[in-house]
>>> print(open('protein_10.txt').read())   # compact mmCIF, C-alpha atoms and all ligand atoms
# COMPACT_ATOMS: atom_id res chain seq x y z
CA MET A 12 -2.87 7.64 25.36
CA ARG A 13 0.80 7.14 26.15
CA LEU A 14 2.61 4.29 24.45
CA GLY A 15 5.00 2.21 26.53
CA LEU A 16 8.04 1.31 24.42
CA SER A 17 10.71 -1.19 25.28
CA SER A 18 14.37 -0.25 25.62
CA TYR A 19 15.67 1.16 22.36
CA ARG A 20 17.69 -1.97 21.74
CA ASP A 21 14.89 -4.14 20.40
CA GLY A 22 12.48 -1.32 19.53
CA CYS A 23 9.36 -3.41 20.09
CA ILE A 24 6.17 -2.33 21.80
CA LYS A 25 5.99 -3.33 25.49
CA ALA A 26 2.61 -1.88 26.40
CA VAL A 27 -0.28 0.05 24.93
CA GLY A 28 -3.00 1.58 27.07
CA PRO A 29 -4.47 4.54 28.97
CA VAL A 30 -1.91 6.99 30.35
CA ASP A 31 -2.66 6.19 34.03
CA ALA A 32 -2.21 2.45 33.50
CA ILE A 33 1.05 3.01 31.60
CA ARG A 34 2.31 5.39 34.31
CA ARG A 35 1.61 2.77 36.99
CA GLN A 36 3.14 -0.06 34.99
CA PHE A 37 6.33 1.87 34.25
CA SER A 38 6.55 4.06 37.37
CA GLU A 39 10.09 2.77 38.03
CA THR A 40 11.23 3.07 34.41
CA SER A 41 13.03 6.04 32.86
CA PHE A 42 12.44 6.85 29.21
CA GLU A 43 14.79 8.60 26.82
CA LYS A 44 11.88 10.55 25.37
CA ILE A 45 8.20 10.98 26.23
CA ILE A 46 5.98 12.49 23.52
CA ASP A 47 2.85 14.26 24.72
CA CYS A 48 0.24 13.35 22.12
CA SER A 49 -2.58 15.44 23.60
CA GLY A 50 -4.82 16.58 20.74
CA LYS A 51 -2.86 14.45 18.28
CA CYS A 52 -3.35 10.97 16.86
CA VAL A 53 -0.94 8.03 16.97
CA LEU A 54 -1.24 5.64 14.03
CA PRO A 55 0.73 2.57 12.93
CA GLY A 56 3.70 3.45 10.74
CA LEU A 57 2.55 3.27 7.10
CA VAL A 58 3.58 0.37 4.87
CA ASP A 59 4.21 0.78 1.13
CA ALA A 60 3.78 -2.64 -0.49
CA HIS A 61 5.07 -1.81 -3.99
CA THR A 62 7.89 0.50 -5.16
CA HIS A 63 10.57 0.69 -7.84
CA PRO A 64 12.84 3.22 -6.09
CA VAL A 65 16.32 2.35 -7.47
CA TRP A 66 16.95 3.89 -10.89
CA ALA A 67 18.67 6.61 -12.90
CA GLY A 68 17.41 8.81 -15.71
CA ASP A 69 14.48 11.22 -15.90
CA ARG A 70 11.23 10.36 -17.66
CA VAL A 71 9.33 13.62 -17.17
CA HIS A 72 9.24 13.86 -20.98
CA GLU A 73 7.14 10.67 -21.04
CA PHE A 74 4.66 12.24 -18.65
CA ALA A 75 4.14 14.97 -21.25
CA MET A 76 3.65 12.26 -23.92
CA LYS A 77 0.99 10.51 -21.79
CA LEU A 78 -0.77 13.80 -21.14
CA ALA A 79 -0.83 14.21 -24.92
CA GLY A 80 -2.53 10.80 -25.26
CA ALA A 81 0.26 8.20 -25.63
CA SER A 82 -0.46 4.94 -23.78
CA TYR A 83 1.98 3.19 -21.44
CA MET A 84 2.53 0.39 -23.95
CA ASP A 85 2.89 2.82 -26.91
CA ILE A 86 5.90 4.28 -25.10
CA HIS A 87 7.17 0.90 -23.88
CA GLN A 88 7.03 -0.67 -27.33
CA ALA A 89 8.78 2.36 -28.83
CA GLY A 90 11.74 1.57 -26.55
CA GLY A 91 10.90 4.05 -23.82
CA GLY A 92 9.43 3.39 -20.39
CA ILE A 93 11.26 0.64 -18.53
CA HIS A 94 13.86 0.37 -21.31
CA PHE A 95 14.71 4.07 -21.06
CA THR A 96 15.33 3.65 -17.34
CA VAL A 97 17.26 0.41 -17.91
CA GLU A 98 19.72 2.18 -20.23
CA HIS A 99 20.43 4.87 -17.61
CA THR A 100 20.52 2.47 -14.67
CA GLN A 101 22.97 0.15 -16.39
CA LYS A 102 25.33 3.13 -16.85
CA ALA A 103 24.90 4.56 -13.35
CA SER A 104 27.44 3.73 -10.61
CA GLU A 105 26.35 1.87 -7.48
CA GLU A 106 27.18 4.99 -5.44
CA GLU A 107 24.99 7.20 -7.62
CA LEU A 108 22.11 4.73 -7.37
CA PHE A 109 22.51 4.49 -3.59
CA ASN A 110 22.51 8.26 -3.10
CA THR A 111 19.34 8.87 -5.12
CA PHE A 112 17.71 5.83 -3.50
CA LYS A 113 18.58 7.10 0.00
CA HIS A 114 17.10 10.53 -0.83
CA ARG A 115 13.87 8.87 -2.02
CA LEU A 116 13.65 6.71 1.13
CA LEU A 117 14.02 9.83 3.32
CA ARG A 118 11.13 11.43 1.45
CA MET A 119 9.06 8.29 2.03
CA ILE A 120 9.88 8.45 5.76
CA ARG A 121 8.72 12.07 5.88
CA ALA A 122 5.44 10.90 4.30
CA GLY A 123 4.97 8.37 7.11
CA THR A 124 6.29 5.18 5.49
CA THR A 125 8.13 2.92 7.96
CA LEU A 126 8.22 -0.34 5.95
CA VAL A 127 8.64 -0.35 2.16
CA GLU A 128 8.96 -2.99 -0.53
CA CYS A 129 11.80 -2.10 -2.92
CA LYS A 130 12.29 -3.82 -6.28
CA SER A 131 15.18 -4.25 -8.63
CA GLY A 132 14.17 -4.54 -12.30
CA TYR A 133 15.94 -1.77 -14.18
CA GLY A 134 18.97 -3.87 -14.99
CA LEU A 135 17.50 -6.94 -16.76
CA ASN A 136 21.05 -8.31 -16.98
CA LEU A 137 22.57 -10.12 -13.99
CA GLU A 138 25.32 -7.57 -13.39
CA THR A 139 22.97 -4.61 -13.07
CA GLU A 140 20.24 -6.50 -11.20
CA LEU A 141 22.88 -7.42 -8.61
CA LYS A 142 24.10 -3.81 -8.53
CA MET A 143 20.55 -2.70 -7.68
CA LEU A 144 20.07 -5.44 -5.08
CA ARG A 145 23.38 -4.49 -3.41
CA VAL A 146 22.12 -0.90 -3.19
CA ILE A 147 18.92 -2.09 -1.51
CA GLU A 148 20.87 -4.37 0.83
CA ARG A 149 23.10 -1.47 1.87
CA ALA A 150 20.04 0.67 2.64
CA LYS A 151 18.60 -2.17 4.71
CA ARG A 152 21.69 -2.03 6.89
CA LEU A 153 22.21 1.73 7.07
CA LEU A 154 18.78 3.36 7.16
CA ASP A 155 16.05 3.30 9.83
CA ILE A 156 13.18 2.41 7.47
CA SER A 157 12.38 -1.32 7.21
CA ILE A 158 12.81 -2.76 3.70
CA SER A 159 11.45 -5.86 1.97
CA SER A 160 13.58 -6.47 -1.13
CA THR A 161 12.30 -7.92 -4.39
CA TYR A 162 14.17 -9.35 -7.35
CA CYS A 163 12.39 -8.12 -10.48
CA GLY A 164 14.76 -9.20 -13.24
CA ALA A 165 11.66 -10.15 -15.26
CA HIS A 166 10.44 -6.56 -15.32
CA SER A 167 10.76 -6.53 -19.10
CA VAL A 168 12.33 -8.64 -21.86
CA PRO A 169 15.83 -7.21 -22.44
CA LYS A 170 16.71 -5.97 -25.91
CA GLY A 171 18.38 -8.73 -27.93
CA LYS A 172 16.49 -11.55 -26.19
CA ASN A 173 13.08 -13.12 -26.71
CA VAL A 174 10.79 -14.14 -23.85
CA THR A 175 12.08 -17.73 -23.74
CA GLU A 176 15.74 -16.67 -23.76
CA ALA A 177 15.10 -14.10 -21.03
CA THR A 178 13.18 -16.65 -18.97
CA ASP A 179 15.92 -19.26 -19.33
CA ASP A 180 18.60 -16.69 -18.39
CA ILE A 181 16.72 -15.75 -15.23
CA ILE A 182 16.12 -19.36 -14.19
CA ASN A 183 19.54 -20.74 -15.14
CA ASN A 184 21.77 -17.80 -14.24
CA HIS A 185 20.13 -15.05 -12.17
CA LEU A 186 18.34 -17.17 -9.57
CA PRO A 187 21.24 -19.57 -8.83
CA LYS A 188 23.45 -16.50 -8.25
CA LEU A 189 20.87 -14.99 -5.88
CA LYS A 190 20.80 -18.25 -3.93
CA GLU A 191 24.61 -18.27 -3.71
CA LEU A 192 24.70 -14.65 -2.48
CA ASP A 193 21.99 -15.40 0.06
CA LEU A 194 23.95 -18.35 1.42
CA SER A 195 27.08 -16.19 1.66
CA GLY A 196 25.08 -13.50 3.49
CA GLU A 197 26.00 -10.82 0.93
CA ILE A 198 22.47 -10.19 -0.40
CA HIS A 199 19.22 -11.43 1.18
CA VAL A 200 16.29 -11.00 -1.22
CA ASN A 201 12.78 -11.50 0.15
CA ASN A 202 10.48 -11.67 -2.88
CA ILE A 203 10.37 -12.41 -6.62
CA ASP A 204 8.39 -10.37 -9.15
CA VAL A 205 7.51 -10.70 -12.86
CA PHE A 206 5.72 -8.22 -15.11
CA CYS A 207 3.08 -10.65 -16.41
CA GLU A 208 1.61 -8.69 -19.31
CA LYS A 209 0.78 -8.94 -23.02
CA GLY A 210 3.94 -8.05 -24.90
CA VAL A 211 6.14 -8.59 -21.81
CA PHE A 212 6.15 -11.96 -19.95
CA ASP A 213 3.33 -14.35 -20.89
CA LEU A 214 1.58 -16.63 -18.43
CA ASN A 215 3.79 -19.67 -19.06
CA SER A 216 7.09 -17.81 -18.67
CA THR A 217 5.68 -16.07 -15.59
CA ARG A 218 4.79 -19.44 -14.10
CA ARG A 219 8.28 -20.83 -14.78
CA ILE A 220 10.07 -17.84 -13.23
CA LEU A 221 7.84 -17.54 -10.16
CA GLN A 222 8.02 -21.26 -9.43
CA ALA A 223 11.83 -21.15 -9.72
CA GLY A 224 11.91 -18.20 -7.33
CA LYS A 225 9.65 -19.99 -4.88
CA ASP A 226 11.93 -23.04 -5.10
CA ILE A 227 14.84 -20.97 -3.73
CA GLY A 228 12.73 -19.58 -0.89
CA LEU A 229 11.48 -16.27 -2.32
CA ARG A 230 7.95 -15.04 -1.66
CA ILE A 231 5.91 -14.46 -4.82
CA ASN A 232 4.69 -10.85 -5.23
CA PHE A 233 4.24 -9.97 -8.92
CA HIS A 234 2.65 -7.58 -11.45
CA GLY A 235 -0.49 -9.11 -12.89
CA ASP A 236 -3.64 -8.26 -14.89
CA GLU A 237 -2.63 -4.59 -15.21
CA LEU A 238 -3.28 -3.69 -18.85
CA HIS A 239 -4.83 -6.93 -20.18
CA PRO A 240 -6.72 -9.85 -18.53
CA MET A 241 -3.93 -12.45 -18.35
CA LYS A 242 -5.42 -14.79 -15.72
CA ALA A 243 -2.44 -13.75 -13.59
CA ALA A 244 -4.57 -13.72 -10.46
CA GLU A 245 -5.56 -17.34 -11.05
CA LEU A 246 -1.92 -18.26 -11.60
CA GLY A 247 -0.78 -16.44 -8.46
CA ALA A 248 -3.41 -18.14 -6.32
CA GLU A 249 -2.38 -21.51 -7.74
CA LEU A 250 1.33 -20.90 -7.01
CA GLY A 251 0.69 -19.66 -3.48
CA ALA A 252 1.67 -16.06 -4.19
CA GLN A 253 1.79 -13.81 -1.13
CA ALA A 254 0.57 -10.91 -3.24
CA ILE A 255 -0.28 -9.76 -6.74
CA SER A 256 -0.09 -6.09 -7.77
CA HIS A 257 -2.20 -3.93 -10.13
CA LEU A 258 -5.19 -6.19 -11.02
CA GLU A 259 -7.05 -3.49 -12.98
CA GLU A 260 -8.07 -6.26 -15.41
CA ILE A 261 -8.63 -9.09 -12.93
CA SER A 262 -11.39 -11.62 -13.72
CA ASP A 263 -14.20 -12.63 -11.36
CA GLU A 264 -12.60 -16.08 -11.16
CA GLY A 265 -9.31 -14.43 -10.24
CA ILE A 266 -10.94 -12.54 -7.39
CA ALA A 267 -12.49 -15.72 -6.03
CA ALA A 268 -9.20 -17.61 -6.36
CA MET A 269 -7.22 -14.90 -4.54
CA ALA A 270 -9.76 -14.75 -1.71
CA LYS A 271 -9.62 -18.52 -1.26
CA ALA A 272 -5.80 -18.61 -1.41
CA LYS A 273 -5.42 -15.63 0.99
CA CYS A 274 -3.28 -13.95 -1.67
CA ALA A 275 -3.15 -10.19 -1.06
CA ALA A 276 -4.18 -7.76 -3.80
CA VAL A 277 -1.77 -4.79 -3.85
CA LEU A 278 -3.72 -1.99 -5.50
CA LEU A 279 -1.85 0.97 -6.98
CA PRO A 280 -4.16 4.00 -7.24
CA THR A 281 -1.50 6.41 -8.51
CA THR A 282 -0.71 4.28 -11.58
CA ALA A 283 -4.39 3.82 -12.43
CA TYR A 284 -4.82 7.59 -11.99
CA MET A 285 -1.77 8.69 -14.00
CA LEU A 286 -2.34 6.17 -16.83
CA ARG A 287 -6.11 6.77 -16.78
CA LEU A 288 -6.64 3.01 -16.43
CA LYS A 289 -9.86 1.25 -15.46
CA GLN A 290 -9.92 1.24 -11.66
CA PRO A 291 -9.40 -2.20 -10.04
CA GLN A 292 -12.58 -3.60 -8.52
CA ALA A 293 -11.61 -2.85 -4.92
CA ARG A 294 -15.17 -3.01 -3.62
CA LYS A 295 -15.82 -6.42 -5.20
CA MET A 296 -12.50 -7.74 -3.91
CA LEU A 297 -13.31 -6.54 -0.38
CA GLN A 298 -16.81 -7.99 -0.54
CA GLU A 299 -15.43 -11.35 -1.66
CA GLY A 300 -12.90 -11.42 1.17
CA VAL A 301 -9.69 -10.60 -0.71
CA ILE A 302 -6.98 -9.07 1.50
CA VAL A 303 -6.61 -5.63 -0.09
CA ALA A 304 -3.33 -3.77 0.39
CA LEU A 305 -2.00 -0.52 -1.10
CA GLY A 306 1.29 0.56 -2.65
CA SER A 307 2.57 3.81 -4.11
CA ASP A 308 4.14 2.08 -7.13
CA PHE A 309 6.76 4.81 -6.90
CA ASN A 310 8.74 4.65 -10.18
CA PRO A 311 9.53 7.01 -13.07
CA ASN A 312 6.10 6.28 -14.53
CA ALA A 313 4.17 7.00 -11.31
CA TYR A 314 6.22 9.53 -9.37
CA CYS A 315 4.52 9.48 -5.96
CA PHE A 316 6.15 8.74 -2.58
CA SER A 317 3.14 9.53 -0.46
CA MET A 318 1.04 6.77 1.09
CA PRO A 319 -1.42 9.36 2.47
CA MET A 320 -2.11 10.46 -1.13
CA VAL A 321 -2.35 6.79 -2.19
CA MET A 322 -4.98 6.23 0.52
CA HIS A 323 -6.85 9.35 -0.59
CA LEU A 324 -6.96 8.13 -4.21
CA ALA A 325 -8.00 4.64 -3.05
CA CYS A 326 -10.99 6.21 -1.32
CA VAL A 327 -12.00 8.67 -4.05
CA ASN A 328 -11.27 6.54 -7.15
CA MET A 329 -11.61 2.97 -5.84
CA LYS A 330 -14.46 3.68 -3.42
CA MET A 331 -12.65 2.27 -0.39
CA SER A 332 -13.62 3.65 3.02
CA MET A 333 -11.00 5.55 5.03
CA ASN A 334 -10.86 2.65 7.53
CA GLU A 335 -10.32 0.16 4.67
CA ALA A 336 -7.63 2.39 3.14
CA LEU A 337 -5.78 2.73 6.47
CA ALA A 338 -5.86 -1.06 6.97
CA ALA A 339 -4.67 -1.49 3.36
CA ALA A 340 -1.71 0.85 3.98
CA THR A 341 -0.74 -0.75 7.29
CA ILE A 342 -1.62 -4.30 8.39
CA ASN A 343 -2.68 -5.58 4.94
CA ALA A 344 0.37 -4.11 3.22
CA ALA A 345 2.52 -5.74 5.91
CA TYR A 346 0.72 -9.03 5.19
CA ALA A 347 1.49 -8.64 1.46
CA LEU A 348 5.18 -8.53 2.46
CA GLY A 349 4.93 -11.44 4.90
CA ARG A 350 5.55 -9.01 7.79
CA SER A 351 2.13 -8.75 9.50
CA HIS A 352 3.48 -10.60 12.55
CA THR A 353 5.96 -7.76 13.23
CA HIS A 354 4.54 -4.70 11.46
CA GLY A 355 1.33 -2.95 10.50
CA SER A 356 -0.49 -2.44 13.82
CA ILE A 357 0.08 -1.11 17.34
CA GLU A 358 0.29 -4.33 19.32
CA ILE A 359 2.57 -5.59 22.08
CA GLY A 360 5.59 -7.38 20.63
CA LYS A 361 5.42 -5.70 17.22
CA GLN A 362 7.99 -3.18 16.04
CA GLY A 363 7.46 0.26 17.58
CA ASN A 364 6.66 1.95 14.25
CA PHE A 365 4.27 4.91 14.52
CA ILE A 366 3.31 8.23 13.04
CA VAL A 367 1.97 11.07 15.19
CA ILE A 368 -0.26 13.53 13.36
CA ASN A 369 -1.24 16.92 14.72
CA SER A 370 -4.97 16.47 14.39
CA SER A 371 -7.48 15.04 16.84
CA ARG A 372 -9.11 13.08 13.96
CA TRP A 373 -6.88 10.46 12.29
CA GLU A 374 -8.96 10.73 9.11
CA HIS A 375 -7.18 13.97 8.28
CA LEU A 376 -4.26 11.82 7.15
CA ILE A 377 -6.43 10.74 4.19
CA TYR A 378 -8.86 13.65 3.94
CA GLN A 379 -6.11 16.23 3.39
CA PHE A 380 -4.81 15.79 -0.18
CA GLY A 381 -1.09 16.60 -0.17
CA GLY A 382 0.86 18.83 2.21
CA HIS A 383 1.50 16.03 4.72
CA GLN A 384 4.72 17.59 5.89
CA GLU A 385 2.58 19.87 8.07
CA LEU A 386 0.30 17.10 9.32
CA ILE A 387 2.83 14.38 10.16
CA GLU A 388 4.63 15.60 13.29
CA TYR A 389 6.68 12.50 14.17
CA VAL A 390 7.71 9.33 12.39
CA ILE A 391 8.98 6.65 14.75
CA VAL A 392 10.73 3.43 13.69
CA LYS A 393 11.63 0.70 16.22
CA GLY A 394 10.96 3.15 19.04
CA LYS A 395 13.31 5.81 17.63
CA VAL A 396 12.14 9.21 16.37
CA VAL A 397 13.49 9.18 12.80
CA TYR A 398 11.66 12.33 11.66
CA LYS A 399 10.24 15.35 13.47
CA ASN A 400 8.42 18.03 11.51
CA GLU A 401 10.35 21.29 11.83
CA ARG A 402 8.29 24.47 12.05
CA VAL A 403 8.75 27.11 9.37
CA MET A 404 11.54 29.33 10.73
CA GLY A 405 10.33 32.03 13.07
CA TYR A 406 6.73 30.83 13.29
N1 LIG A 501 4.09 -2.27 -14.92
C1 LIG A 501 5.22 -2.39 -14.66
N2 LIG A 501 6.07 -1.82 -13.81
C2 LIG A 501 5.85 -0.52 -13.20
C3 LIG A 501 6.19 0.57 -14.19
C4 LIG A 501 7.67 0.65 -14.31
C5 LIG A 501 8.13 1.73 -15.26
O1 LIG A 501 7.35 2.17 -16.13
O2 LIG A 501 9.31 2.13 -15.10
C6 LIG A 501 4.42 -0.41 -12.69
O3 LIG A 501 4.14 -1.20 -11.79
O4 LIG A 501 3.65 0.45 -13.13
ZN ZN A 502 5.28 -1.79 -10.32
>>> encode(input="protein_10.txt", output="structure tokens")
Amino acid sequence: MRLGLSSYRDGCIKAVGPVDAIRRQFSETSFEKIIDCSGKCVLPGLVDAHTHPVWAGDRVHEFAMKLAGASYMDIHQAGGGIHFTVEHTQKASEEELFNTFKHRLLRMIRAGTTLVECKSGYGLNLETELKMLRVIERAKRLLDISISSTYCGAHSVPKGKNVTEATDDIINNHLPKLKELDLSGEIHVNNIDVFCEKGVFDLNSTRRILQAGKDIGLRINFHGDELHPMKAAELGAELGAQAISHLEEISDEGIAAMAKAKCAAVLLPTTAYMLRLKQPQARKMLQEGVIVALGSDFNPNAYCFSMPMVMHLACVNMKMSMNEALAAATINAAYALGRSHTHGSIEIGKQGNFIVINSSRWEHLIYQFGGHQELIEYVIVKGKVVYKNERVMGY
């Protein structure tokens, strides 16, 4: 099958169809590049619906602690986890944060990601949250990958504040500043996030922050029901959330509410795997009609860039089929970001975002666990080849 792509300028798909039909339709057109995909598969560019990719500091030591039996909240409440990363991120320069962020985005591109949700959330004070959001904004402008940005100033309660003080600071100071910077065109944030969890932000403070974010035009896409049943799914459905992430502890009522509200569930197999959490009830969610999406949850706690590995874990550990996992990492993940009208499938008018894999069966993208640098031959964003797999020298 040969894909007809529009002129590079707008990068959208003009035609999809059998080679002969495309040849006839574009017989008078010259193309910058024609890729012969004989024996290969063309898939929609992958979409990662949940990442925390802007940060400084190294938490490999915490991985050793978890392997030795420490829980996520043991480390968090001892001042590690998010707070460890906050301390380093507050000290890091904007340039340092941008350079490490850019490197991580390039690794995501090589793993087939063409649209990614990127959160702030390691500042917790306005100055550093804005520093992180400026870094994301700069990447939006400079790099080929598409980015959906999320303000996550309620990622944890900052040291020296209680939940109410942190909530008031976010509502009275952070969000008005974000609105001002959006109006000036300096920073355009797409979504708002809160870590709704026992010992972090309770349901009432979560409601206040999310509603205030919605009031300034942000989409709601937050962390809910991860470690404890908080009724976050019910809250998100009530508020009209676009998506809720984690959901390992979601209630049956929450599943029903999300299905009815068409609120996407962003499942994060790597976090459940690395923290040895109860797996979210993906099969029940699918059976009840919930829109199930996937994210890598890339962050210092779950250090994985690879959506193919996320899909593999979703199949093995969450019992999703390969078809369901591919939909969850493309069109459903795009839906979770409010981008399913422009991303997530190979359809005329959508962005020309593709991956070309060198296998005649697309399922190899999920079946093979790791080593995707060999399998993914091209990554294409808006009709432009942004990555081509280079052969090992001399072979
Ligand atoms: N649960 C909260 N936030 C991230 C972890 C962030 C961190 O530990 O640095 C998550 O989705 O797992
Ligand atoms: Zn997260």
>>> atom_distance(input="protein_10.txt", atom1="CA of Leu153 in chain A", atom2="CA of Gly123 in chain A")
18.5 Å
>>> atom_distance(input="protein_10.txt", atom1="CA of Leu386 in chain A", atom2="CA of Val367 in chain A")
8.6 Å
>>> residues_around(input="protein_10.txt", residues="Ala338 in chain A", least_positions_apart="5", cutoff="8 Å", atoms="all atoms listed in the file", output="VMD selection string")
chain A and resid 304 343 to 344
>>> axis_aligned_box(input="protein_10.txt", around="range 190-203 of chain A", padding_each_side="4 Å", output="JSON")
{"center_x": 18.7, "center_y": -14.3, "center_z": -1.6, "size_x": 24.7, "size_y": 16.2, "size_z": 18.1}
>>> closest_residue(input="protein_10.txt", among="A:Ile147, A:Leu376, A:Leu238, A:Ile342", to="Leu116 in chain A", atoms="all atoms listed in the file")
A:Ile147
>>> closest_residue(input="protein_10.txt", among="A:Pro55, A:Gly28, A:Gly300, A:Gly394", to="Trp373 in chain A", atoms="all atoms listed in the file")
A:Pro55
>>> atom_distance(input="protein_10.txt", atom1="CA of Ser159 in chain A", atom2="CA of Gln101 in chain A")
22.5 Å
>>> residues_near_ligand(input="protein_10.txt", ligand="ligand ZN 502 (chain A)", cutoff="7 Å", atoms="only C-alpha atoms and all ligand atoms", output="list in words")
His61, Thr62, His63, His234 and Asp308 of chain A
>>> closest_residue(input="protein_10.txt", among="A:Pro311, A:Gly196, A:Gly164, A:Gly132", to="ligand LIG 501 (chain A)", atoms="all atoms listed in the file")
A:Pro311
>>> closest_residue(input="protein_10.txt", among="A:Asp193, A:Ala103, A:Gly210, A:Glu128", to="Gln88 in chain A", atoms="all atoms listed in the file")
A:Gly210
>>> residues_around(input="protein_10.txt", residues="Arg230 in chain A", least_positions_apart="6", cutoff="10 Å", atoms="only C-alpha atoms", output="PyMOL selection string")
chain A and resi 161+200-204+221-222+224+251-254+347-349
>>> write_last_selection(input="protein_10.txt", atoms="C-alpha atoms", output="PDB file, keeping the file's coordinate frame")
ATOM      1  CA  THR A 161      12.300  -7.920  -4.390  1.00  0.00           C
ATOM      2  CA  VAL A 200      16.290 -11.000  -1.220  1.00  0.00           C
ATOM      3  CA  ASN A 201      12.780 -11.500   0.150  1.00  0.00           C
ATOM      4  CA  ASN A 202      10.480 -11.670  -2.880  1.00  0.00           C
ATOM      5  CA  ILE A 203      10.370 -12.410  -6.620  1.00  0.00           C
ATOM      6  CA  ASP A 204       8.390 -10.370  -9.150  1.00  0.00           C
ATOM      7  CA  LEU A 221       7.840 -17.540 -10.160  1.00  0.00           C
ATOM      8  CA  GLN A 222       8.020 -21.260  -9.430  1.00  0.00           C
ATOM      9  CA  GLY A 224      11.910 -18.200  -7.330  1.00  0.00           C
ATOM     10  CA  GLY A 251       0.690 -19.660  -3.480  1.00  0.00           C
ATOM     11  CA  ALA A 252       1.670 -16.060  -4.190  1.00  0.00           C
ATOM     12  CA  GLN A 253       1.790 -13.810  -1.130  1.00  0.00           C
ATOM     13  CA  ALA A 254       0.570 -10.910  -3.240  1.00  0.00           C
ATOM     14  CA  ALA A 347       1.490  -8.640   1.460  1.00  0.00           C
ATOM     15  CA  LEU A 348       5.180  -8.530   2.460  1.00  0.00           C
ATOM     16  CA  GLY A 349       4.930 -11.440   4.900  1.00  0.00           C
TER      17      GLY A 349
END
>>> closest_atom_pairs(input="protein_10.txt", of="chain A", to="ligand LIG 501 (chain A)", cutoff="9 Å", atoms="all atoms listed in the file", output="Markdown table")
| residue | atom | partner | partner_atom | distance |
| --- | --- | --- | --- | --- |
| A:His61 | CA | A:LIG501 | O3 | 7.9 |
| A:Thr62 | CA | A:LIG501 | O3 | 7.8 |
| A:His63 | CA | A:LIG501 | C4 | 7.1 |
| A:Trp66 | CA | A:LIG501 | O2 | 8.9 |
| A:Arg70 | CA | A:LIG501 | O2 | 8.8 |
| A:Tyr83 | CA | A:LIG501 | O1 | 7.6 |
| A:His87 | CA | A:LIG501 | O1 | 7.9 |
| A:Gly91 | CA | A:LIG501 | O1 | 8.7 |
| A:Gly92 | CA | A:LIG501 | O1 | 4.9 |
| A:Ile93 | CA | A:LIG501 | O2 | 4.2 |
| A:His94 | CA | A:LIG501 | O2 | 7.9 |
| A:Phe95 | CA | A:LIG501 | O2 | 8.3 |
| A:Thr96 | CA | A:LIG501 | O2 | 6.6 |
| A:Val97 | CA | A:LIG501 | O2 | 8.6 |
| A:Gly132 | CA | A:LIG501 | C4 | 8.6 |
| A:Tyr133 | CA | A:LIG501 | O2 | 7.7 |
| A:His166 | CA | A:LIG501 | N2 | 6.6 |
| A:Ser167 | CA | A:LIG501 | C1 | 8.2 |
| A:Val205 | CA | A:LIG501 | C1 | 8.8 |
| A:Phe206 | CA | A:LIG501 | C1 | 5.9 |
| A:Cys207 | CA | A:LIG501 | N1 | 8.6 |
| A:Glu208 | CA | A:LIG501 | N1 | 8.2 |
| A:His234 | CA | A:LIG501 | N1 | 6.5 |
| A:Gly235 | CA | A:LIG501 | N1 | 8.5 |
| A:Glu237 | CA | A:LIG501 | N1 | 7.1 |
| A:Leu238 | CA | A:LIG501 | N1 | 8.5 |
| A:Ser256 | CA | A:LIG501 | O3 | 7.6 |
| A:His257 | CA | A:LIG501 | O3 | 7.1 |
| A:Leu279 | CA | A:LIG501 | O3 | 8.0 |
| A:Thr282 | CA | A:LIG501 | O4 | 6.0 |
| A:Ala283 | CA | A:LIG501 | O4 | 8.7 |
| A:Asp308 | CA | A:LIG501 | O3 | 5.7 |
| A:Phe309 | CA | A:LIG501 | C6 | 8.1 |
| A:Asn310 | CA | A:LIG501 | O2 | 5.6 |
| A:Pro311 | CA | A:LIG501 | O2 | 5.3 |
| A:Asn312 | CA | A:LIG501 | O1 | 4.6 |
| A:Ala313 | CA | A:LIG501 | O4 | 6.8 |
>>> closest_residue(input="protein_10.txt", among="A:Asp180, A:Asp47, A:Glu191, A:Asp213", to="Glu388 in chain A", atoms="all atoms listed in the file")
A:Asp47
>>> closest_residue(input="protein_10.txt", among="A:Val71, A:Leu250, A:Met331, A:Cys48", to="Gln298 in chain A", atoms="all atoms listed in the file")
A:Met331
